[in-house]
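The next block is final.cif, given as mmCIF, C-alpha atoms and all ligand atoms.
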```cif
data_work
#
loop_
_atom_site.label_atom_id
_atom_site.label_comp_id
_atom_site.auth_asym_id
_atom_site.auth_seq_id
_atom_site.Cartn_x
_atom_site.Cartn_y
_atom_site.Cartn_z
CA MET A 1 11.62 -31.08 35.39
CA THR A 2 13.31 -32.22 32.18
CA ASP A 3 15.44 -29.87 30.16
CA LEU A 4 13.69 -28.19 27.29
CA TYR A 5 15.62 -29.28 24.25
CA THR A 6 14.88 -31.04 21.03
CA ASP A 7 17.18 -32.57 18.42
CA GLY A 8 19.10 -30.81 15.65
CA ASN A 9 16.38 -31.43 13.09
CA ALA A 10 14.75 -28.36 14.62
CA LEU A 11 17.47 -26.37 12.83
CA ALA A 12 16.42 -27.57 9.37
CA GLY A 13 13.82 -24.90 8.62
CA PRO A 14 15.56 -21.92 10.25
CA LEU A 15 18.88 -22.74 8.56
CA ARG A 16 17.30 -23.44 5.16
CA GLU A 17 16.46 -19.77 5.16
CA ILE A 18 20.19 -19.01 5.15
CA PHE A 19 21.77 -21.97 3.36
CA ALA A 20 20.79 -23.67 0.12
CA VAL A 21 21.63 -27.08 1.58
CA ASP A 22 20.09 -29.12 4.38
CA VAL A 23 22.57 -28.33 7.12
CA THR A 24 21.16 -30.96 9.47
CA ALA A 25 22.79 -33.58 7.23
CA ALA A 26 26.15 -31.88 7.69
CA THR A 27 28.72 -32.96 10.26
CA SER A 28 29.88 -30.47 12.89
CA GLN A 29 32.80 -30.75 15.27
CA CYS A 30 32.50 -29.32 18.77
CA ALA A 31 35.21 -26.77 19.50
CA SER A 32 35.08 -27.60 23.18
CA CYS A 33 35.48 -31.40 23.33
CA GLY A 34 36.21 -32.32 19.71
CA GLN A 35 33.25 -34.66 19.29
CA ALA A 36 32.00 -34.72 15.69
CA GLY A 37 28.58 -35.82 14.52
CA PRO A 38 25.58 -34.92 12.40
CA VAL A 39 24.06 -31.52 13.11
CA ALA A 40 20.77 -33.39 13.55
CA THR A 41 22.16 -34.97 16.74
CA LEU A 42 22.84 -31.64 18.47
CA ARG A 43 20.61 -30.71 21.39
CA VAL A 44 18.62 -27.65 20.43
CA TYR A 45 17.28 -25.44 23.23
CA ASP A 46 14.45 -23.58 21.53
CA HIS A 47 12.57 -22.21 24.56
CA ALA A 48 14.87 -19.22 24.43
CA PRO A 49 15.37 -15.89 22.64
CA GLY A 50 17.18 -17.85 19.91
CA LEU A 51 18.08 -21.42 18.97
CA VAL A 52 20.98 -22.77 21.00
CA ALA A 53 22.48 -26.01 19.66
CA ARG A 54 24.64 -27.85 22.16
CA CYS A 55 27.06 -30.76 21.84
CA PRO A 56 25.51 -34.07 22.97
CA GLY A 57 28.92 -35.00 24.38
CA CYS A 58 29.86 -32.03 26.56
CA GLU A 59 26.77 -29.76 26.46
CA GLU A 60 28.81 -26.75 25.28
CA VAL A 61 27.29 -24.44 22.66
CA VAL A 62 28.14 -25.45 19.08
CA LEU A 63 25.98 -22.94 17.23
CA ARG A 64 23.44 -20.23 17.95
CA LEU A 65 20.85 -18.77 15.62
CA VAL A 66 18.93 -15.59 16.35
CA ARG A 67 16.24 -14.53 13.92
CA GLY A 68 15.25 -10.88 14.01
CA PRO A 69 12.63 -9.24 11.83
CA SER A 70 15.16 -8.19 9.19
CA ALA A 71 18.26 -10.30 9.80
CA ALA A 72 19.53 -13.58 11.18
CA TRP A 73 22.63 -13.96 13.33
CA LEU A 74 24.44 -17.28 13.06
CA ASP A 75 27.20 -17.74 15.63
CA MET A 76 29.42 -20.76 15.02
CA ARG A 77 32.34 -20.04 17.30
CA GLY A 78 31.60 -23.29 19.12
CA ALA A 79 32.15 -25.36 15.97
CA VAL A 80 35.56 -26.28 14.55
CA PHE A 81 34.00 -27.03 11.18
CA LEU A 82 30.83 -27.86 9.35
CA ARG A 83 31.27 -30.64 6.78
CA VAL A 84 28.54 -30.37 4.18
CA PRO A 85 28.02 -33.40 1.87
CA LEU A 86 27.65 -32.22 -1.73
CA MET B 1 11.62 0.20 45.57
CA ALA B 2 10.34 3.37 43.99
CA VAL B 3 12.86 3.34 41.16
CA VAL B 4 11.38 0.17 39.66
CA GLY B 5 8.11 1.89 39.03
CA ILE B 6 9.84 4.80 37.33
CA VAL B 7 7.58 4.39 34.33
CA THR B 8 4.22 4.16 35.99
CA PRO B 9 0.88 5.06 34.46
CA GLY B 10 0.87 8.09 36.76
CA PHE B 11 4.26 9.18 35.52
CA ARG B 12 2.91 9.36 31.99
CA GLY B 13 -0.15 11.20 33.12
CA ARG B 14 -2.55 8.35 32.36
CA PRO B 15 -5.41 7.60 34.70
CA ARG B 16 -4.57 4.79 37.14
CA SER B 17 -7.86 3.11 36.40
CA SER B 18 -6.47 2.06 33.02
CA GLY B 19 -4.09 -0.30 34.88
CA PRO B 20 -0.40 -0.78 34.24
CA GLU B 21 0.67 -0.38 30.66
CA LEU B 22 2.72 -2.74 28.55
CA PRO B 23 5.95 -1.81 26.79
CA PRO B 24 5.58 -1.67 22.98
CA GLY B 25 5.13 -5.03 21.27
CA GLN B 26 4.51 -6.96 24.49
CA TYR B 27 1.51 -9.06 25.52
CA LEU B 28 0.39 -9.90 29.03
CA THR B 29 0.71 -13.43 30.41
CA GLU B 30 -0.52 -14.85 33.69
CA ASP B 31 1.78 -17.89 33.82
CA PHE B 32 5.56 -17.79 34.08
CA PRO B 33 7.14 -19.23 30.91
CA VAL B 34 10.45 -21.04 31.41
CA LEU B 35 13.14 -19.93 28.97
CA SER B 36 16.51 -21.61 28.94
CA ALA B 37 19.53 -21.65 26.65
CA GLY B 38 20.88 -24.86 28.14
CA PRO B 39 20.56 -27.57 30.75
CA THR B 40 19.32 -26.44 34.15
CA PRO B 41 22.24 -26.36 36.60
CA ARG B 42 21.55 -28.02 39.95
CA VAL B 43 23.50 -25.91 42.40
CA LEU B 44 23.44 -26.97 46.05
CA THR B 45 23.37 -24.03 48.42
CA ASP B 46 26.21 -25.47 50.54
CA ARG B 47 28.44 -25.22 47.47
CA TRP B 48 26.96 -21.99 46.15
CA GLU B 49 28.95 -18.80 46.18
CA PHE B 50 28.58 -15.35 44.72
CA VAL B 51 31.65 -13.39 43.67
CA ILE B 52 32.02 -9.76 42.65
CA SER B 53 35.38 -9.17 40.97
CA THR B 54 36.75 -5.75 40.19
CA GLU B 55 38.81 -4.39 37.32
CA ALA B 56 41.78 -4.39 39.73
CA GLY B 57 41.40 -8.12 40.36
CA GLN B 58 39.92 -7.79 43.84
CA GLU B 59 37.27 -10.36 44.76
CA TYR B 60 34.36 -10.11 47.16
CA ARG B 61 32.74 -13.46 48.04
CA TRP B 62 29.54 -14.51 49.75
CA SER B 63 28.55 -18.02 50.74
CA TRP B 64 24.85 -18.92 50.80
CA ALA B 65 24.78 -18.45 54.59
CA GLU B 66 26.42 -15.05 54.23
CA LEU B 67 23.89 -14.00 51.59
CA MET B 68 21.02 -15.12 53.83
CA ALA B 69 22.45 -13.07 56.70
CA LEU B 70 22.26 -9.84 54.69
CA PRO B 71 19.17 -7.61 54.89
CA SER B 72 16.68 -8.58 52.18
CA GLU B 73 14.03 -6.67 50.29
CA THR B 74 10.72 -7.82 48.80
CA PRO B 75 10.32 -6.06 45.44
CA THR B 76 7.10 -6.54 43.48
CA VAL B 77 7.88 -5.74 39.87
CA ASP B 78 6.67 -6.09 36.30
CA ILE B 79 8.91 -8.23 34.06
CA HIS B 80 9.26 -8.10 30.29
CA CYS B 81 10.75 -10.92 28.20
CA VAL B 82 12.22 -10.14 24.78
CA THR B 83 10.14 -13.04 23.40
CA LYS B 84 7.24 -10.61 23.95
CA TRP B 85 5.51 -11.80 27.11
CA SER B 86 5.20 -9.52 30.10
CA LYS B 87 4.05 -10.43 33.59
CA PHE B 88 2.78 -7.87 36.08
CA GLY B 89 3.29 -7.81 39.82
CA THR B 90 5.86 -10.58 40.32
CA ALA B 91 6.82 -10.85 44.01
CA TRP B 92 10.44 -11.59 44.93
CA GLN B 93 12.74 -11.63 47.91
CA GLY B 94 16.42 -10.91 47.61
CA VAL B 95 19.41 -8.81 48.49
CA SER B 96 19.83 -5.46 46.80
CA LEU B 97 22.96 -5.01 44.69
CA ASP B 98 23.39 -1.74 46.61
CA THR B 99 24.00 -3.83 49.73
CA LEU B 100 26.44 -6.18 47.97
CA MET B 101 28.29 -3.32 46.27
CA SER B 102 28.48 -1.07 49.34
CA ASP B 103 32.07 -2.04 50.26
CA VAL B 104 33.28 -2.74 46.72
CA ASP B 105 36.00 -0.39 45.55
CA THR B 106 35.72 0.08 41.79
CA ALA B 107 36.00 2.61 39.00
CA ALA B 108 34.21 0.30 36.55
CA ASP B 109 31.35 1.47 34.35
CA PHE B 110 30.29 -1.97 33.10
CA ALA B 111 29.30 -5.33 34.51
CA LEU B 112 29.40 -8.80 33.00
CA VAL B 113 27.15 -11.16 34.93
CA HIS B 114 28.18 -14.83 35.08
CA SER B 115 25.93 -17.80 35.80
CA TYR B 116 26.40 -21.41 36.79
CA GLY B 117 26.16 -23.27 33.48
CA GLY B 118 28.16 -20.62 31.60
CA TYR B 119 25.52 -18.03 30.70
CA THR B 120 26.59 -14.39 30.69
CA THR B 121 24.89 -11.02 30.22
CA ASN B 122 26.24 -7.48 30.29
CA LEU B 123 24.88 -4.17 31.46
CA PRO B 124 26.13 -0.80 32.68
CA LEU B 125 27.05 -0.94 36.37
CA GLU B 126 24.73 1.98 37.11
CA ASP B 127 21.76 -0.19 36.08
CA LEU B 128 22.58 -2.54 38.96
CA LEU B 129 22.55 0.24 41.57
CA ASN B 130 20.10 2.62 43.22
CA GLY B 131 17.37 0.13 44.01
CA GLN B 132 17.17 -1.32 40.49
CA ALA B 133 18.63 -4.82 40.95
CA TRP B 134 18.65 -7.73 43.41
CA ILE B 135 20.10 -11.19 43.92
CA ALA B 136 16.70 -12.87 44.29
CA TYR B 137 16.28 -16.22 46.04
CA ARG B 138 12.54 -16.42 46.68
CA TYR B 139 9.65 -15.99 44.26
CA ASP B 140 5.95 -15.86 45.10
CA GLY B 141 6.53 -16.93 48.69
CA ALA B 142 8.69 -19.98 47.97
CA ASP B 143 12.33 -20.78 47.38
CA LEU B 144 13.27 -19.95 43.80
CA ALA B 145 12.84 -23.12 41.71
CA PRO B 146 15.81 -24.29 39.58
CA GLU B 147 13.89 -23.75 36.32
CA HIS B 148 13.39 -20.11 37.28
CA GLY B 149 17.05 -19.66 38.21
CA GLY B 150 17.26 -21.00 41.75
CA PRO B 151 18.92 -21.07 44.11
CA ALA B 152 19.45 -17.41 43.15
CA ARG B 153 19.10 -15.23 40.08
CA LEU B 154 19.77 -11.65 39.20
CA LEU B 155 16.62 -9.53 39.08
CA VAL B 156 16.92 -6.33 37.05
CA PRO B 157 13.33 -5.77 35.93
CA HIS B 158 13.70 -2.46 34.10
CA LEU B 159 15.58 -4.26 31.30
CA TYR B 160 14.42 -7.21 29.16
CA PHE B 161 14.40 -10.31 31.30
CA TRP B 162 17.37 -12.00 29.58
CA LYS B 163 19.46 -9.54 31.64
CA SER B 164 18.06 -11.08 34.84
CA ALA B 165 20.52 -13.95 34.70
CA LYS B 166 19.31 -17.22 36.19
CA TRP B 167 21.67 -19.28 38.42
CA VAL B 168 23.81 -16.20 39.03
CA ARG B 169 27.28 -16.89 40.40
CA GLY B 170 29.08 -13.59 40.05
CA ILE B 171 29.52 -10.16 38.56
CA GLN B 172 32.69 -9.07 36.81
CA LEU B 173 33.22 -5.31 36.95
CA LEU B 174 34.87 -3.93 33.82
CA LEU B 175 36.20 -0.66 32.47
CA ASP B 176 34.99 -1.59 28.96
CA ASP B 177 31.68 -3.09 27.87
CA GLU B 178 31.85 -6.78 27.02
CA PRO B 179 28.84 -8.41 25.34
CA GLY B 180 27.23 -11.41 27.01
CA PHE B 181 25.60 -14.57 25.62
CA TRP B 182 22.66 -13.03 23.74
CA GLU B 183 24.26 -9.62 23.28
CA SER B 184 26.99 -11.27 21.17
CA ALA B 185 24.42 -13.10 19.02
CA GLY B 186 22.24 -10.31 17.68
CA TYR B 187 20.41 -9.04 20.73
CA HIS B 188 20.61 -5.43 21.87
CA ASP B 189 23.46 -4.41 24.13
CA TYR B 190 21.21 -2.55 26.59
CA GLY B 191 17.69 -3.97 26.15
CA ASP B 192 15.27 -1.30 27.37
CA PRO B 193 11.75 -2.72 26.87
CA TRP B 194 10.18 0.76 26.83
CA ARG B 195 12.35 1.71 23.84
CA GLU B 196 11.86 -1.78 22.34
CA GLN B 197 15.60 -2.44 22.16
CA ARG B 198 15.33 -6.10 21.14
CA TYR B 199 17.99 -6.54 18.46
CA GLN B 200 21.26 -4.84 17.57
CA GLY B 201 20.38 -1.64 15.74
CA ASP B 202 16.98 -1.19 17.43
ZN ZN C 301 31.48 -31.09 22.93
#
```

Show me, as structure tokens, the structure contained in the file I just sent.
Ligand SMILES: [Zn+2]
Amino acid sequence: MTDLYTDGNALAGPLREIFAVDVTAATSQCASCGQAGPVATLRVYDHAPGLVARCPGCEEVVLRLVRGPSAAWLDMRGAVFLRVPL
Amino acid sequence: MAVVGIVTPGFRGRPRSSGPELPPGQYLTEDFPVLSAGPTPRVLTDRWEFVISTEAGQEYRWSWAELMALPSETPTVDIHCVTKWSKFGTAWQGVSLDTLMSDVDTAADFALVHSYGGYTTNLPLEDLLNGQAWIAYRYDGADLAPEHGGPARLLVPHLYFWKSAKWVRGIQLLLDDEPGFWESAGYHDYGDPWREQRYQGD
């Protein structure tokens, strides 16, 4: 069976709730392998308890987003930076 | 096996005819949804190993053949996913953690479970013992499929199913609690479905 992921555009709605900008247009750098690219090119595993965005280069986790009823947890320890065009 | 059914309809004094009950906020499903936080690891059994490491740095290893040679059990259990589906009467075959832990010398109170592919999940060591947890390698009469965690997964059905780590490769015994993959991203440290411990603070 194929792996259940979609592209980083799946992050647009969930992250718009937190940020005022469209984060999928931002560039992220993977903390594991150093590859940088648009957030929209991340591989988002969404058949899971949260959204898990992985690097298309090395498959390591770049960011995770968990949405509870009263809070969202955004974990970005897998990203060196997020470059947001303004 | 009795421990798994510790919260049975009978235990709560409800008539058995009402059938098994669901934990709060759960719905019943007949299929078996596949949840995954990453690519499915393809682990060949001739390269598979399972390692229990202690707080003192001691390691206990089993090859696939060694795991198969251990006495197995066939628990039939209800499972509860934090994404709100529950499935009743799932039939597994696997080796009890009591068997694997029987010769392990440890003073640890906590366990961090590691999977092929990098997933982790934490739980108190006592929740792995006394007939509550297995290394399961068959489901519903067949070898455990990779999408469901094969060749082997942890099965600890009294906690939300994210604790039942797919593609299990080892258990690290620890003196201090260390949060796993979901536990460090907002999910509850313990995850008791009957107390609806979904998120941190629940
Ligand atoms: Zn990478």

Inset, instruction - One decimal, Å: what's the distance from CA of Tyr45 in chain A over to CA of Leu86 in chain A, could you say? - result: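 Computing the Euclidean distance for CA of Tyr45 in chain A and CA of Leu86 in chain A yields 27.9 Å.
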
Legend entry - Nearest candidate to chain A (options B:Thr45, B:Thr90, B:Gln172, B:Thr83; using only C-alpha atoms):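 Going through B:Thr45, B:Thr90, B:Gln172, B:Thr83 one by one, the smallest distance to chain A is for B:Thr83.
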
Legend entry - chain A residues near chain B (9 Å cut-off, all atoms listed in the file) as JSON, numbers by chain: {"A": [1, 2, 3, 4, 5, 43, 44, 45, 46, 47, 48, 49, 50, 51, 52, 53, 54, 59, 60, 61, 64, 65, 66, 67, 68, 69, 71, 72, 73, 74, 75]}

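Using only C-alpha atoms, the protein and nucleic acid residues lying at most 9 Å from the point (32.8, 3.2, 34.6) are Thr106, Ala107, Ala108, Asp109, Phe110, Pro124, Leu125, Glu126, Leu173, Leu174, Leu175 and Asp176 of chain B.
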
Could you give me, as a PDB file with C-alpha atoms, in the coordinates of the input, every polymer residue with an atom at most 8 Å away from an atom of ligand ZN 301 (chain C), counting only C-alpha atoms and all ligand atoms?
```pdb
ATOM      1  CA  GLN A  29      32.800 -30.750  15.270  1.00  0.00           C
ATOM      2  CA  CYS A  30      32.500 -29.320  18.770  1.00  0.00           C
ATOM      3  CA  ALA A  31      35.210 -26.770  19.500  1.00  0.00           C
ATOM      4  CA  SER A  32      35.080 -27.600  23.180  1.00  0.00           C
ATOM      5  CA  CYS A  33      35.480 -31.400  23.330  1.00  0.00           C
ATOM      6  CA  GLY A  34      36.210 -32.320  19.710  1.00  0.00           C
ATOM      7  CA  GLN A  35      33.250 -34.660  19.290  1.00  0.00           C
ATOM      8  CA  ARG A  54      24.640 -27.850  22.160  1.00  0.00           C
ATOM      9  CA  CYS A  55      27.060 -30.760  21.840  1.00  0.00           C
ATOM     10  CA  PRO A  56      25.510 -34.070  22.970  1.00  0.00           C
ATOM     11  CA  GLY A  57      28.920 -35.000  24.380  1.00  0.00           C
ATOM     12  CA  CYS A  58      29.860 -32.030  26.560  1.00  0.00           C
ATOM     13  CA  GLU A  59      26.770 -29.760  26.460  1.00  0.00           C
ATOM     14  CA  GLU A  60      28.810 -26.750  25.280  1.00  0.00           C
ATOM     15  CA  VAL A  61      27.290 -24.440  22.660  1.00  0.00           C
ATOM     16  CA  VAL A  62      28.140 -25.450  19.080  1.00  0.00           C
TER      17      VAL A  62
END
```

Legend entry - Interatomic distance (Å, one decimal) between CA of Ala136 in chain B and CA of Pro151 in chain B: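 That distance, rounded to one decimal, is 8.5 Å.
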
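If you look at CA of Phe32 in chain B and CA of His148 in chain B, they are 8.8 Å away from each other.
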
Legend entry - All residues 9 Å or closer to Leu155 in chain B, all atoms listed in the file, same chain fewer than 4 positions away omitted, as number ranges by chain: B: 92, 94, 132-136, 161, 163-166

Inset, instruction - List every protein, DNA or RNA residue that has at least one atom no more than 6 Å from (29.9, -32.3, 5.2) in the file's coordinates, counting all atoms listed in the file, and write the result as number ranges by chain. - result: A: 26-27, 83-85

Write to file, as a compact mmCIF listing (two decimals), keeping the file's coordinate frame, the residues of the selection just made, with C-alpha atoms.
```txt
# COMPACT_ATOMS: atom_id res chain seq x y z
CA ALA A 26 26.15 -31.88 7.69
CA THR A 27 28.72 -32.96 10.26
CA ARG A 83 31.27 -30.64 6.78
CA VAL A 84 28.54 -30.37 4.18
CA PRO A 85 28.02 -33.40 1.87
```

Legend entry - Within 8 Å of Val95 in chain B using all atoms listed in the file, minus same-chain residues under 4 positions, as a PyMOL selection string: chain B and resi 67+70-73+99-100+134-136

Legend entry - Minimum-distance residue to Met76 in chain A, chosen among A:Ala10, A:Ala20, A:Ala25, A:Leu63 (using only C-alpha atoms):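 Selected residue with least distance to Met76 in chain A: A:Leu63.
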